[in-house]
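As structure tokens, the structure follows; a few thoughts come after it.
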Amino acid sequence: MRIGELARRAGVSTRALRYYEQQGLITARRAANGYREYSEADLRLVTEIRSLLTVGFTLEDARPFVACLRAGHESGASCPESVEVYRRKLAEIDGEIRTLLTRRAEVAAQLGAACPGCMFGPPPDRNEGES
């Protein structure tokens with residue numbers, strides 16, 4: 001398939017595909033006319049990359065997942081290197097959560113000092129009142 005079809009089917013821009021190619025994440029074959037040609041396997045790679053980017057992974061993080069798929073595994077997450085990326089990302093997220101909880105406690109303490117009679121607690125549930 002040509003770049004436009006791959007972009008449409010994967011839900012990305014042709015510019016993103018060229019960038020992924022430049023970064024070595026996908027590889028286009030060239031037709032006799034010079035057009036880039038992609039396979040269904042490339043669609044699978046781009047889908048994997050996009051799903052990882054959507055949840056906060058970087059392109060560098062995506063490399064082991066891409067390598068795992070290229071090695072013939074059904075899932076990009078089934079290789080030890082990919083599992084290690086998941087573990088590293090979870091540790092990073094846990095650190096961010098700890099930082100946010102510390103900041104929240106500091107802001108709550110400042111609010112308590114500024115307004116001793118004010119009631120405050122956890123933020124309201126955003127789904128309250130929705131049916």
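Here's how to read the names in the structure tokens: chain A, B, ... by the order shown, residue numbers from 1 in each chain, ligand numbers from 1 in the order shown.
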Could you give me, as a VMD selection string, the residues within 12 Å of A:Leu45, counting only C-alpha atoms and dropping anything in the same chain fewer than 6 positions from it?
-> chain A and resid 6 10 17 20 to 21 24 to 27 38 to 39 51 to 52 59 62 to 76
Near A:Tyr86, counting only C-alpha atoms, which residues have an atom at most 12 Å away, once you skip same-chain residues fewer than 3 positions from it, shown as a CSV table (one decimal) with N, CA and C atoms, in the first residue's frame?
```
chain,number,residue,atom,x,y,z
A,52,LEU,N,1.1,3.1,21.9
A,52,LEU,CA,2.1,3.4,22.9
A,52,LEU,C,2.2,4.9,23.2
A,55,VAL,N,-0.6,6.5,25.3
A,55,VAL,CA,-0.6,6.4,26.7
A,55,VAL,C,0.7,6.9,27.4
A,56,GLY,N,1.4,7.7,26.6
A,56,GLY,CA,2.5,8.4,27.2
A,56,GLY,C,3.9,7.9,27.0
A,57,PHE,N,4.1,6.9,26.2
A,57,PHE,CA,5.4,6.4,25.9
A,57,PHE,C,6.0,7.3,24.8
A,58,THR,N,7.3,7.2,24.7
A,58,THR,CA,8.0,8.0,23.7
A,58,THR,C,8.3,7.1,22.5
A,61,ASP,N,10.8,4.6,23.6
A,61,ASP,CA,10.2,3.5,24.3
A,61,ASP,C,9.6,2.5,23.4
A,62,ALA,N,9.1,2.9,22.2
A,62,ALA,CA,8.4,2.0,21.3
A,62,ALA,C,9.4,1.1,20.6
A,64,PRO,N,11.6,-1.3,21.5
A,64,PRO,CA,11.6,-2.7,21.8
A,64,PRO,C,10.3,-3.4,21.3
A,65,PHE,N,9.2,-2.7,21.4
A,65,PHE,CA,7.9,-3.3,20.9
A,65,PHE,C,7.9,-3.5,19.4
A,76,GLY,N,3.7,-7.0,20.5
A,76,GLY,CA,4.9,-6.2,20.7
A,76,GLY,C,5.3,-6.2,22.2
A,77,ALA,N,4.4,-6.6,23.1
A,77,ALA,CA,4.7,-6.6,24.5
A,77,ALA,C,5.2,-8.0,25.0
A,78,SER,N,5.4,-8.9,24.1
A,78,SER,CA,5.7,-10.3,24.6
A,78,SER,C,7.2,-10.5,24.8
A,79,CYS,N,8.0,-9.6,24.5
A,79,CYS,CA,9.5,-9.7,24.6
A,79,CYS,C,9.9,-9.1,26.0
A,80,PRO,N,11.0,-9.7,26.5
A,80,PRO,CA,11.5,-9.1,27.8
A,80,PRO,C,11.9,-7.7,27.8
A,81,GLU,N,12.4,-7.2,26.7
A,81,GLU,CA,12.8,-5.8,26.6
A,81,GLU,C,11.5,-4.9,26.6
A,82,SER,N,10.4,-5.3,26.1
A,82,SER,CA,9.2,-4.6,26.1
A,82,SER,C,8.6,-4.5,27.6
A,83,VAL,N,8.7,-5.7,28.2
A,83,VAL,CA,8.2,-5.8,29.6
A,83,VAL,C,9.0,-4.8,30.5
A,89,LYS,N,8.2,2.5,32.9
A,89,LYS,CA,7.2,3.5,32.7
A,89,LYS,C,6.3,3.6,34.0
A,90,LEU,N,5.9,2.4,34.5
A,90,LEU,CA,5.1,2.4,35.7
A,90,LEU,C,5.8,3.0,36.9
A,91,ALA,N,7.1,2.7,37.0
A,91,ALA,CA,7.9,3.4,38.1
A,91,ALA,C,7.9,4.9,37.9
A,92,GLU,N,8.1,5.3,36.7
A,92,GLU,CA,8.0,6.8,36.4
A,92,GLU,C,6.7,7.4,36.8
A,93,ILE,N,5.6,6.7,36.4
A,93,ILE,CA,4.3,7.2,36.7
A,93,ILE,C,4.1,7.2,38.3
```
Among chain A, which residues carry a DSSP assignment of strand (DSSP E or B), reported as an NGL selection string?
-> :A and (2 or 29-30 or 36-37)
Expected file contents, prior selection, C-alpha atoms, as an mmCIF file, in the first residue's frame:
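Dumped to out.cif:
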```cif
data_model
loop_
_atom_site.group_PDB
_atom_site.id
_atom_site.type_symbol
_atom_site.label_atom_id
_atom_site.label_comp_id
_atom_site.auth_asym_id
_atom_site.auth_seq_id
_atom_site.Cartn_x
_atom_site.Cartn_y
_atom_site.Cartn_z
ATOM 1 C CA ARG A 2 1.162 3.547 -0.560
ATOM 2 C CA ARG A 29 10.132 -0.311 0.149
ATOM 3 C CA ARG A 30 10.378 1.746 -3.012
ATOM 4 C CA ARG A 36 6.983 4.336 -0.847
ATOM 5 C CA GLU A 37 5.293 0.955 -0.483
#
```
Between atom CA of A:Val12 and atom CA of A:Asp94, measure the distance and give it in Å to one decimal.
-> 29.9 Å
Pairwise distance for atom CA of A:Leu111 and atom CA of A:Thr99, rounded to one decimal in Å |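 So the two atoms, atom CA of A:Leu111 and atom CA of A:Thr99, lie 18.4 Å apart.
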Between A:Ile49, A:Gln23, A:Ala32, A:Asp42, which is the closest to A:Ile3 once you count only C-alpha atoms?
-> A:Asp42
